[in-house]
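Here is the file my_file-v3.cif (mmCIF, C-alpha atoms and all ligand atoms).
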```cif
data_work
loop_
_atom_site.label_atom_id
_atom_site.label_comp_id
_atom_site.auth_asym_id
_atom_site.auth_seq_id
_atom_site.Cartn_x
_atom_site.Cartn_y
_atom_site.Cartn_z
CA MET A 1 -21.65 -2.48 -8.85
CA ILE A 2 -19.40 -0.22 -6.80
CA LEU A 3 -19.51 3.49 -7.46
CA LEU A 4 -16.30 5.09 -6.25
CA LYS A 5 -16.39 8.31 -4.28
CA ARG A 6 -14.31 11.26 -5.34
CA GLY A 7 -10.70 10.62 -4.24
CA ARG A 8 -8.16 13.35 -3.85
CA GLY A 9 -10.15 15.70 -5.99
CA MET A 10 -8.87 14.96 -9.46
CA GLU A 11 -10.20 17.49 -11.90
CA ARG A 12 -9.93 15.48 -15.12
CA LEU A 13 -9.20 11.77 -15.53
CA LEU A 14 -8.58 10.50 -19.06
CA ILE A 15 -9.79 7.05 -20.09
CA THR A 16 -8.49 5.94 -23.47
CA GLY A 17 -10.21 3.05 -25.24
CA ALA A 18 -13.39 4.18 -23.51
CA ALA A 19 -15.67 2.68 -26.18
CA GLY A 20 -14.26 -0.81 -25.64
CA GLY A 21 -15.40 -3.64 -23.40
CA MET A 22 -13.52 -2.54 -20.29
CA GLY A 23 -14.19 1.13 -20.98
CA ARG A 24 -17.92 0.47 -20.93
CA LEU A 25 -17.59 -1.55 -17.72
CA VAL A 26 -15.52 1.00 -15.80
CA ARG A 27 -17.04 4.30 -16.90
CA PRO A 28 -19.92 4.28 -14.45
CA ARG A 29 -17.73 2.88 -11.68
CA LEU A 30 -15.04 5.56 -12.03
CA ALA A 31 -17.38 8.52 -12.43
CA GLY A 32 -16.76 9.71 -8.87
CA LEU A 33 -12.96 9.74 -9.12
CA ALA A 34 -12.73 13.04 -10.95
CA ARG A 35 -14.93 16.02 -11.65
CA ILE A 36 -14.71 15.22 -15.35
CA LEU A 37 -14.00 11.90 -17.06
CA ARG A 38 -12.42 12.61 -20.42
CA LEU A 39 -13.34 9.64 -22.60
CA SER A 40 -11.43 8.94 -25.76
CA ASP A 41 -11.48 6.40 -28.56
CA VAL A 42 -11.37 6.15 -32.35
CA THR A 43 -14.96 4.93 -32.11
CA GLU A 44 -17.56 7.60 -31.31
CA LEU A 45 -19.40 7.36 -28.02
CA GLU A 46 -21.95 9.51 -26.29
CA ALA A 47 -20.69 11.34 -23.21
CA GLY A 48 -23.02 11.52 -20.21
CA PRO A 49 -23.13 13.94 -17.28
CA GLY A 50 -19.66 14.58 -15.86
CA GLU A 51 -18.06 13.19 -19.03
CA GLU A 52 -16.57 14.67 -22.18
CA PHE A 53 -15.63 12.81 -25.35
CA VAL A 54 -12.52 13.51 -27.41
CA ALA A 55 -12.07 11.42 -30.58
CA CYS A 56 -8.42 10.51 -31.04
CA ASP A 57 -6.34 7.99 -32.93
CA LEU A 58 -3.47 6.96 -30.67
CA ALA A 59 -1.20 6.80 -33.71
CA ASP A 60 -1.53 10.59 -34.18
CA GLY A 61 1.10 12.14 -31.91
CA ALA A 62 -0.17 15.74 -32.08
CA ALA A 63 -3.72 14.63 -31.34
CA VAL A 64 -2.60 12.53 -28.37
CA ARG A 65 -0.68 15.48 -26.97
CA GLU A 66 -3.82 17.61 -27.12
CA LEU A 67 -5.84 14.78 -25.64
CA VAL A 68 -3.64 14.45 -22.57
CA ALA A 69 -3.21 18.20 -21.98
CA GLY A 70 -5.01 19.30 -18.84
CA CYS A 71 -5.55 15.76 -17.49
CA ASN A 72 -4.56 14.76 -13.94
CA GLY A 73 -4.34 11.04 -14.63
CA VAL A 74 -4.66 8.51 -17.46
CA VAL A 75 -6.26 5.07 -17.50
CA HIS A 76 -4.79 3.78 -20.73
CA LEU A 77 -7.09 1.09 -22.08
CA GLY A 78 -6.92 2.08 -25.75
CA GLY A 79 -5.33 -0.12 -28.38
CA ILE A 80 -5.58 -3.49 -30.06
CA SER A 81 -6.62 -5.98 -27.40
CA VAL A 82 -6.18 -9.33 -29.16
CA GLU A 83 -3.78 -11.06 -31.53
CA GLY A 84 -3.88 -10.01 -35.18
CA PRO A 85 -1.78 -8.60 -38.03
CA PHE A 86 1.23 -6.56 -36.97
CA ASP A 87 0.49 -3.17 -38.59
CA PRO A 88 -2.56 -2.22 -36.50
CA ILE A 89 -0.80 -3.52 -33.36
CA ARG A 90 2.25 -1.42 -34.20
CA GLU A 91 0.18 1.72 -34.78
CA ALA A 92 -2.02 1.50 -31.70
CA ASN A 93 0.14 -0.32 -29.16
CA ILE A 94 3.66 0.72 -30.09
CA THR A 95 3.47 4.12 -31.81
CA GLY A 96 0.37 4.82 -29.69
CA VAL A 97 2.15 4.13 -26.40
CA TYR A 98 5.16 6.18 -27.47
CA ASN A 99 2.76 9.04 -28.29
CA LEU A 100 1.04 8.63 -24.96
CA TYR A 101 4.25 8.82 -22.92
CA GLU A 102 5.53 11.80 -24.89
CA ALA A 103 2.21 13.53 -24.19
CA VAL A 104 2.44 12.64 -20.49
CA ARG A 105 5.99 13.98 -20.39
CA ALA A 106 4.59 17.30 -21.62
CA ASN A 107 1.72 17.11 -19.10
CA PRO A 108 3.08 15.08 -16.17
CA CYS A 109 0.51 12.85 -14.43
CA ARG A 110 0.07 9.26 -13.29
CA VAL A 111 -0.77 6.48 -15.72
CA LEU A 112 -2.47 3.14 -15.31
CA PHE A 113 -1.23 1.11 -18.27
CA ALA A 114 -3.49 -1.80 -19.25
CA SER A 115 -0.85 -4.44 -19.81
CA SER A 116 -1.83 -8.05 -20.19
CA ASN A 117 -1.20 -11.53 -18.87
CA HIS A 118 -0.07 -12.30 -22.44
CA VAL A 119 3.34 -10.78 -21.63
CA VAL A 120 3.90 -14.06 -19.75
CA GLY A 121 1.65 -16.36 -21.79
CA TYR A 122 4.38 -18.93 -22.40
CA TYR A 123 4.76 -19.70 -18.70
CA ARG A 124 3.03 -22.94 -17.76
CA GLN A 125 0.08 -22.88 -15.41
CA ASP A 126 2.10 -24.81 -12.80
CA GLN A 127 4.58 -21.91 -12.58
CA ARG A 128 4.08 -19.15 -10.02
CA LEU A 129 5.07 -15.60 -10.92
CA LYS A 130 5.84 -12.51 -8.85
CA GLY A 131 6.17 -10.05 -11.71
CA TYR A 132 9.93 -9.58 -12.04
CA GLU A 133 10.60 -12.78 -14.03
CA PRO A 134 11.64 -12.45 -17.69
CA THR A 135 8.64 -11.87 -19.90
CA LEU A 136 7.58 -14.74 -22.21
CA PRO A 137 4.98 -13.23 -24.54
CA ASP A 138 2.72 -15.58 -26.47
CA SER A 139 1.78 -13.31 -29.41
CA LEU A 140 2.66 -10.12 -31.29
CA TYR A 141 0.00 -8.55 -29.08
CA GLY A 142 1.88 -9.78 -25.99
CA VAL A 143 5.14 -8.39 -27.36
CA SER A 144 3.45 -5.00 -27.86
CA LYS A 145 2.40 -5.03 -24.19
CA VAL A 146 6.01 -5.81 -23.18
CA PHE A 147 6.96 -2.69 -25.16
CA GLY A 148 4.36 -0.68 -23.25
CA GLU A 149 5.64 -1.91 -19.90
CA GLN A 150 9.20 -1.00 -20.89
CA MET A 151 8.15 2.47 -22.07
CA ALA A 152 6.55 2.98 -18.66
CA LEU A 153 9.83 2.01 -16.97
CA LEU A 154 11.88 4.27 -19.26
CA TYR A 155 9.70 7.31 -18.52
CA TRP A 156 9.78 6.47 -14.79
CA GLN A 157 13.58 6.25 -14.70
CA LYS A 158 14.23 9.25 -16.95
CA PHE A 159 11.41 11.62 -16.02
CA GLY A 160 9.79 10.30 -12.83
CA ILE A 161 6.47 9.57 -14.58
CA GLU A 162 4.64 7.04 -12.38
CA THR A 163 2.79 4.12 -13.96
CA ALA A 164 0.97 1.09 -12.61
CA ARG A 165 1.74 -1.63 -15.14
CA VAL A 166 -1.36 -3.71 -14.62
CA ARG A 167 -1.14 -7.18 -16.16
CA ILE A 168 -4.84 -7.72 -16.53
CA GLY A 169 -6.03 -11.32 -16.50
CA SER A 170 -9.54 -11.49 -17.95
CA CYS A 171 -11.85 -8.59 -17.14
CA GLU A 172 -15.49 -9.43 -17.75
CA ASP A 173 -18.70 -9.59 -15.72
CA GLU A 174 -18.23 -13.27 -14.89
CA PRO A 175 -15.48 -15.79 -15.70
CA SER A 176 -16.38 -17.42 -19.01
CA ASP A 177 -14.16 -20.52 -19.24
CA VAL A 178 -12.07 -22.85 -17.11
CA ARG A 179 -8.82 -20.89 -17.54
CA ARG A 180 -10.51 -17.73 -16.38
CA LEU A 181 -11.05 -19.34 -12.97
CA ALA A 182 -7.39 -18.38 -12.52
CA THR A 183 -7.37 -15.08 -14.44
CA TRP A 184 -10.72 -13.37 -13.82
CA LEU A 185 -10.70 -9.73 -12.78
CA SER A 186 -14.10 -8.41 -11.77
CA PRO A 187 -14.97 -4.94 -13.06
CA ASP A 188 -15.52 -3.83 -9.44
CA ASP A 189 -12.06 -5.04 -8.39
CA PHE A 190 -10.55 -3.27 -11.39
CA ALA A 191 -12.31 -0.04 -10.37
CA ARG A 192 -11.00 -0.48 -6.80
CA LEU A 193 -7.51 -0.87 -8.22
CA VAL A 194 -7.84 2.31 -10.28
CA GLU A 195 -8.87 4.15 -7.12
CA ARG A 196 -5.76 2.92 -5.23
CA VAL A 197 -3.41 3.73 -8.12
CA PHE A 198 -4.47 7.37 -8.08
CA ALA A 199 -4.77 7.62 -4.28
CA VAL A 200 -1.44 6.25 -2.97
CA PRO A 201 1.07 8.96 -2.08
CA ARG A 202 3.89 7.17 -3.94
CA LEU A 203 3.19 4.86 -6.84
CA GLY A 204 6.50 4.28 -8.63
CA CYS A 205 6.27 1.90 -11.56
CA PRO A 206 5.08 -1.46 -10.21
CA VAL A 207 3.82 -4.52 -12.01
CA VAL A 208 0.39 -5.37 -10.62
CA TRP A 209 -1.42 -8.59 -11.48
CA GLY A 210 -4.99 -7.66 -12.36
CA VAL A 211 -6.82 -10.64 -10.91
CA SER A 212 -9.63 -11.13 -8.38
CA GLN A 213 -9.57 -13.73 -5.60
CA THR A 214 -8.91 -17.26 -6.81
CA SER A 215 -7.69 -20.39 -5.04
CA THR A 216 -6.04 -21.66 -8.25
CA GLY A 217 -4.18 -18.56 -9.42
CA TRP A 218 -0.62 -18.26 -10.70
CA TRP A 219 0.28 -14.73 -9.73
CA ASP A 220 1.60 -13.24 -6.50
CA ASN A 221 0.86 -9.56 -5.90
CA SER A 222 2.78 -9.23 -2.64
CA ASP A 223 5.33 -6.79 -4.11
CA ALA A 224 2.45 -4.41 -4.89
CA GLY A 225 0.99 -4.76 -1.37
CA TYR A 226 1.82 -1.12 -0.60
CA LEU A 227 -0.98 -0.07 -2.95
CA GLY A 228 -3.47 -1.36 -0.39
CA TRP A 229 -5.52 -3.03 -3.12
CA GLU A 230 -7.55 -5.96 -1.78
CA PRO A 231 -9.68 -7.66 -4.44
CA GLN A 232 -13.13 -8.29 -2.96
CA ASP A 233 -14.63 -10.60 -5.59
CA SER A 234 -13.91 -14.29 -5.96
CA VAL A 235 -14.13 -16.84 -8.76
CA GLU A 236 -15.15 -19.58 -6.32
CA PRO A 237 -18.94 -19.23 -6.81
CA PHE A 238 -18.33 -19.91 -10.54
CA ARG A 239 -15.96 -22.87 -10.15
CA ASN A 240 -18.51 -25.63 -10.76
CA ARG A 241 -19.64 -24.14 -14.04
CA PHE A 242 -16.63 -25.40 -16.01
CA GLU A 243 -15.00 -28.72 -16.62
CA ALA A 244 -11.31 -28.84 -17.51
CA PRO A 245 -10.40 -30.47 -20.85
CA HIS A 246 -9.05 -34.02 -20.31
CA ASP A 247 -5.98 -33.46 -22.51
CA PRO A 248 -3.22 -32.00 -20.26
CA ASP A 249 -1.61 -30.47 -23.38
CA ASP A 250 -4.70 -28.40 -24.16
CA PRO A 251 -3.44 -24.78 -24.02
CA LEU A 252 -6.45 -23.85 -21.88
CA VAL A 253 -5.02 -25.91 -19.01
CA LYS A 254 -1.31 -25.93 -19.89
CA TRP A 255 -0.21 -22.37 -20.64
CA GLN A 256 -0.96 -19.16 -18.79
CA GLY A 257 -1.78 -17.54 -22.14
CA GLY A 258 -4.43 -20.18 -22.92
CA ALA A 259 -5.84 -20.00 -26.45
CA PHE A 260 -3.36 -17.28 -27.51
CA ILE A 261 -0.74 -20.07 -27.70
CA ARG A 262 -2.58 -21.46 -30.72
CA GLU A 263 -2.60 -18.12 -32.57
CA PRO A 264 -0.56 -18.00 -35.79
CA ILE A 265 1.46 -14.98 -36.90
CA TYR A 266 -1.16 -13.16 -38.96
CA LYS A 267 -0.23 -11.48 -42.24
P1 LIG B 1 -11.35 -3.50 -26.50
O1 LIG B 1 -10.74 -3.99 -27.75
O2 LIG B 1 -12.76 -3.85 -26.22
O3 LIG B 1 -11.20 -1.91 -26.40
C1 LIG B 1 -10.06 -1.24 -26.87
C2 LIG B 1 -10.50 0.10 -27.41
O4 LIG B 1 -9.34 0.73 -27.95
C3 LIG B 1 -11.55 -0.01 -28.52
O5 LIG B 1 -12.69 0.71 -28.20
C4 LIG B 1 -10.84 0.53 -29.75
O6 LIG B 1 -11.68 1.28 -30.60
C5 LIG B 1 -9.76 1.41 -29.13
N1 LIG B 1 -8.62 1.55 -30.06
C6 LIG B 1 -8.05 0.61 -30.84
N2 LIG B 1 -7.10 1.15 -31.62
C7 LIG B 1 -7.09 2.48 -31.33
C8 LIG B 1 -6.33 3.56 -31.80
N3 LIG B 1 -5.39 3.42 -32.77
N4 LIG B 1 -6.58 4.78 -31.28
C9 LIG B 1 -7.51 4.95 -30.33
N5 LIG B 1 -8.26 3.95 -29.85
C10 LIG B 1 -8.05 2.73 -30.33
O7 LIG B 1 -10.41 -4.01 -25.31
P2 LIG B 1 -10.79 -4.19 -23.77
O8 LIG B 1 -11.17 -5.59 -23.55
O9 LIG B 1 -11.70 -3.11 -23.36
O10 LIG B 1 -9.37 -3.99 -23.09
C11 LIG B 1 -8.92 -2.71 -22.71
C12 LIG B 1 -7.41 -2.74 -22.55
O11 LIG B 1 -7.05 -3.69 -21.56
C13 LIG B 1 -6.67 -3.14 -23.83
O12 LIG B 1 -5.47 -2.38 -23.90
C14 LIG B 1 -6.34 -4.59 -23.61
O13 LIG B 1 -5.17 -4.96 -24.30
C15 LIG B 1 -6.15 -4.64 -22.10
N6 LIG B 1 -6.46 -5.93 -21.55
C16 LIG B 1 -7.78 -6.35 -21.49
C17 LIG B 1 -8.10 -7.57 -20.96
C18 LIG B 1 -9.52 -8.00 -20.83
O14 LIG B 1 -9.76 -9.04 -20.19
N7 LIG B 1 -10.50 -7.28 -21.36
C19 LIG B 1 -7.06 -8.48 -20.46
C20 LIG B 1 -5.71 -7.94 -20.58
C21 LIG B 1 -5.45 -6.71 -21.09
C1 LIG B 2 -6.24 -10.08 -23.07
O1 LIG B 2 -5.17 -9.49 -23.05
C2 LIG B 2 -7.31 -9.69 -24.00
O2 LIG B 2 -7.35 -8.30 -24.20
C3 LIG B 2 -8.68 -10.18 -23.58
O3 LIG B 2 -9.54 -10.08 -24.70
C4 LIG B 2 -8.65 -11.61 -23.07
O4 LIG B 2 -8.30 -12.48 -24.09
C5 LIG B 2 -7.64 -11.72 -21.95
O5 LIG B 2 -6.37 -11.21 -22.32
C6 LIG B 2 -7.44 -13.17 -21.48
O6 LIG B 2 -6.31 -13.63 -21.47
O7 LIG B 2 -8.41 -13.79 -21.06
#
```
Take the structure in the file and write it out as structure tokens.
Amino acid sequence: MILLKRGRGMERLLITGAAGGMGRLVRPRLAGLARILRLSDVTELEAGPGEEFVACDLADGAAVRELVAGCNGVVHLGGISVEGPFDPIREANITGVYNLYEAVRANPCRVLFASSNHVVGYYRQDQRLKGYEPTLPDSLYGVSKVFGEQMALLYWQKFGIETARVRIGSCEDEPSDVRRLATWLSPDDFARLVERVFAVPRLGCPVVWGVSQTSTGWWDNSDAGYLGWEPQDSVEPFRNRFEAPHDPDDPLVKWQGGAFIREPIYK
């Protein structure tokens, strides 16, 4: 596990969704990036040394404004992370992102927005993407992430708020199915990306594909080359673990969004 050294001396870095899967993975890795990691979630968690916990529901605008006040950067992981009924997605990922950007407007700082590959889930796996193509979300969840990416652009154009719109593939310790041989993002590579996002002199509002090294990937990060992010981990040692389904129409091997293609619209 990499432990990042303190970068340009951030005082307080906010991580929303800190109690979730990625939050747990990145907390120890990001500890050195700021003097204090401000961790936030609706779920309680215990803060360790160099951390503070602030409970906050992203749907509560006043609370989000207080949460962001005094922070020098935001890693925005909080929200609904899978497909499901619309109301919770609307509250956390739509109202929540609006609240976040209004809070950042009041307390200007850089944002890393955890977008998702599901903004382009309806592209086929034989299509190669740079990041500027029209989005083709595969779920209400994917649509909510398109909204987040567009909010980031709006606040960049109107107020100069910089955001890395990171379309995360699949962030977990090891790739866990055949599709993830093309989408896996190692927690260490994600932490390295966070470091670059807050270190580069000019960030702007790029789309970045959050994926580690893979010989069978679909996404081209060359437009974000100026970030200087070089994923160090590779899926190749895991390749022989998985066999592809024989049916070429199986969403796992047909669509970039994989199993999300099969999701209904939940009521
Ligand atoms: P997760 O579901 O494990 O964690 C999300 C956290 O957000 C949870 O701890 C939850 O309590 C919190 N949350 C939900 N609604 C909230 C609200 N209204 N107010 C405050 N907090 C709320 O998700 P995970 O896997 O850690 O993902 C983190 C982020 O990255 C999510 O935004 C997800 O959409 C995105 N992402 C993750 C990928 C992955 O492979 N893990 C892939 C693509 C995107
Ligand atoms: C996501 O956006 C989800 O948050 C995560 O749980 C995984 O399903 C990931 O995409 C994926 O596509 O593997």
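Proximity of A:Ala47, A:Ala106, A:Val111, A:Val166 to ligand LIG 2 (chain B), computed with only C-alpha atoms and all ligand atoms, is greatest for A:Val166.
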Near-Tyr98 of chain A list (8 Å; only C-alpha atoms; drop same-chain fewer than 4 positions) as a list in words: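 Near neighbours after the sequence-gap exclusion: Ile94, Glu102 and Met151 of chain A.
A straight line drawn from atom CA of Lys130 of chain A to atom CA of Glu83 of chain A is 24.7 Å long.
Among A:Trp229, A:Phe238, A:Phe53, A:Tyr266, the residue with the shortest atom-to-atom distance to Ile89 of chain A, counting only C-alpha atoms, is A:Tyr266.
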All residues 9 Å or closer to Tyr101 of chain A, only C-alpha atoms, same chain fewer than 3 positions away omitted, as a PDB file with C-alpha atoms, in the frame of the given file:
```
ATOM      1  CA  GLY A  96       0.370   4.820 -29.690  1.00  0.00           C
ATOM      2  CA  VAL A  97       2.150   4.130 -26.400  1.00  0.00           C
ATOM      3  CA  TYR A  98       5.160   6.180 -27.470  1.00  0.00           C
ATOM      4  CA  VAL A 104       2.440  12.640 -20.490  1.00  0.00           C
ATOM      5  CA  ARG A 105       5.990  13.980 -20.390  1.00  0.00           C
ATOM      6  CA  ALA A 106       4.590  17.300 -21.620  1.00  0.00           C
ATOM      7  CA  MET A 151       8.150   2.470 -22.070  1.00  0.00           C
ATOM      8  CA  ALA A 152       6.550   2.980 -18.660  1.00  0.00           C
ATOM      9  CA  TYR A 155       9.700   7.310 -18.520  1.00  0.00           C
ATOM     10  CA  ILE A 161       6.470   9.570 -14.580  1.00  0.00           C
TER      11      ILE A 161
END
```
Per residue of chain A within 10 Å of ligand LIG 2 (chain B), which atom pair is closest and at what distance in Å (one decimal), using only C-alpha atoms and all ligand atoms, listed by chain and increasing number, as a Markdown table?
```
| residue | atom | partner | partner_atom | distance |
| --- | --- | --- | --- | --- |
| A:Gly21 | CA | B:LIG2 | O3 | 8.8 |
| A:Met22 | CA | B:LIG2 | O2 | 9.3 |
| A:Leu77 | CA | B:LIG2 | O2 | 9.6 |
| A:Gly79 | CA | B:LIG2 | O2 | 9.4 |
| A:Ile80 | CA | B:LIG2 | O2 | 7.8 |
| A:Ser81 | CA | B:LIG2 | O2 | 4.0 |
| A:Val82 | CA | B:LIG2 | O2 | 5.2 |
| A:Glu83 | CA | B:LIG2 | C2 | 8.4 |
| A:Ala114 | CA | B:LIG2 | O1 | 8.7 |
| A:Ser115 | CA | B:LIG2 | O1 | 7.4 |
| A:Ser116 | CA | B:LIG2 | O1 | 4.6 |
| A:Asn117 | CA | B:LIG2 | O6 | 6.1 |
| A:His118 | CA | B:LIG2 | O1 | 5.9 |
| A:Val119 | CA | B:LIG2 | O1 | 8.7 |
| A:Gly121 | CA | B:LIG2 | O6 | 8.4 |
| A:Tyr141 | CA | B:LIG2 | O1 | 8.0 |
| A:Gly142 | CA | B:LIG2 | O1 | 7.6 |
| A:Lys145 | CA | B:LIG2 | O1 | 8.9 |
| A:Arg167 | CA | B:LIG2 | O1 | 8.3 |
| A:Ile168 | CA | B:LIG2 | O1 | 6.8 |
| A:Gly169 | CA | B:LIG2 | O6 | 5.5 |
| A:Ser170 | CA | B:LIG2 | O7 | 4.0 |
| A:Cys171 | CA | B:LIG2 | C5 | 7.1 |
| A:Glu172 | CA | B:LIG2 | C4 | 8.9 |
| A:Pro175 | CA | B:LIG2 | O7 | 9.1 |
| A:Ser176 | CA | B:LIG2 | O7 | 9.0 |
| A:Asp177 | CA | B:LIG2 | O7 | 9.0 |
| A:Arg179 | CA | B:LIG2 | O7 | 7.9 |
| A:Arg180 | CA | B:LIG2 | O7 | 6.5 |
| A:Ala182 | CA | B:LIG2 | O7 | 9.7 |
| A:Thr183 | CA | B:LIG2 | O7 | 6.8 |
| A:Trp184 | CA | B:LIG2 | O7 | 7.6 |
| A:Leu185 | CA | B:LIG2 | O7 | 9.5 |
| A:Gln256 | CA | B:LIG2 | O6 | 8.1 |
| A:Gly257 | CA | B:LIG2 | O6 | 6.0 |
| A:Gly258 | CA | B:LIG2 | O6 | 7.0 |
| A:Ala259 | CA | B:LIG2 | O6 | 8.1 |
| A:Phe260 | CA | B:LIG2 | O6 | 7.6 |
```
Who sits within 6 Å of Val235 of chain A, all atoms listed in the file, same chain under 2 positions skipped, as a VMD selection string: chain A and resid 181 214 237 to 238
Nearest to Cys109 of chain A, chosen from A:Asp173, A:Glu243, A:Glu162, A:Asp87, with only C-alpha atoms counted in the distances: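 Going through A:Asp173, A:Glu243, A:Glu162, A:Asp87 one by one, the smallest distance to Cys109 of chain A is for A:Glu162.
For the point (-2.0, -18.1, -36.1) in file coordinates, the residues within 10 Å, using all atoms listed in the file, are Glu83, Gly84, Pro85, Ser139, Phe260, Ile261, Arg262, Glu263, Pro264, Ile265, Tyr266 and Lys267 of chain A.
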d(atom CA of Pro206 of chain A, atom CA of Ser234 of chain A) in Å: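 Atom-to-atom, atom CA of Pro206 of chain A to atom CA of Ser234 of chain A, that is 23.3 Å.
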Atom CA of Arg27 of chain A to atom CA of Phe147 of chain A, distance in Å rounded to a single decimal: 26.3 Å
Would you give the centre and edge lengths, in Å to one decimal, of a box along x, y and z around the listed atoms of ligand LIG 1 (chain B), with 4 Å added to each side, as AutoDock Vina command-line options?
```
--center_x -9.0 --center_y -2.0 --center_z -26.5 --size_x 15.6 --size_y 22.0 --size_z 20.6
```
For Asn72 of chain A, the nearest of the candidates A:Val208, A:Ala244, A:Leu112, A:Val146, counting all atoms listed in the file: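 Among the listed residues, the smallest separation from Asn72 of chain A belongs to A:Leu112.
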Which of A:Leu37, A:Thr95, A:Gly73, A:Val178 sits closest to Leu58 of chain A [using only C-alpha atoms]: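 Selected residue with least distance to Leu58 of chain A: A:Thr95.
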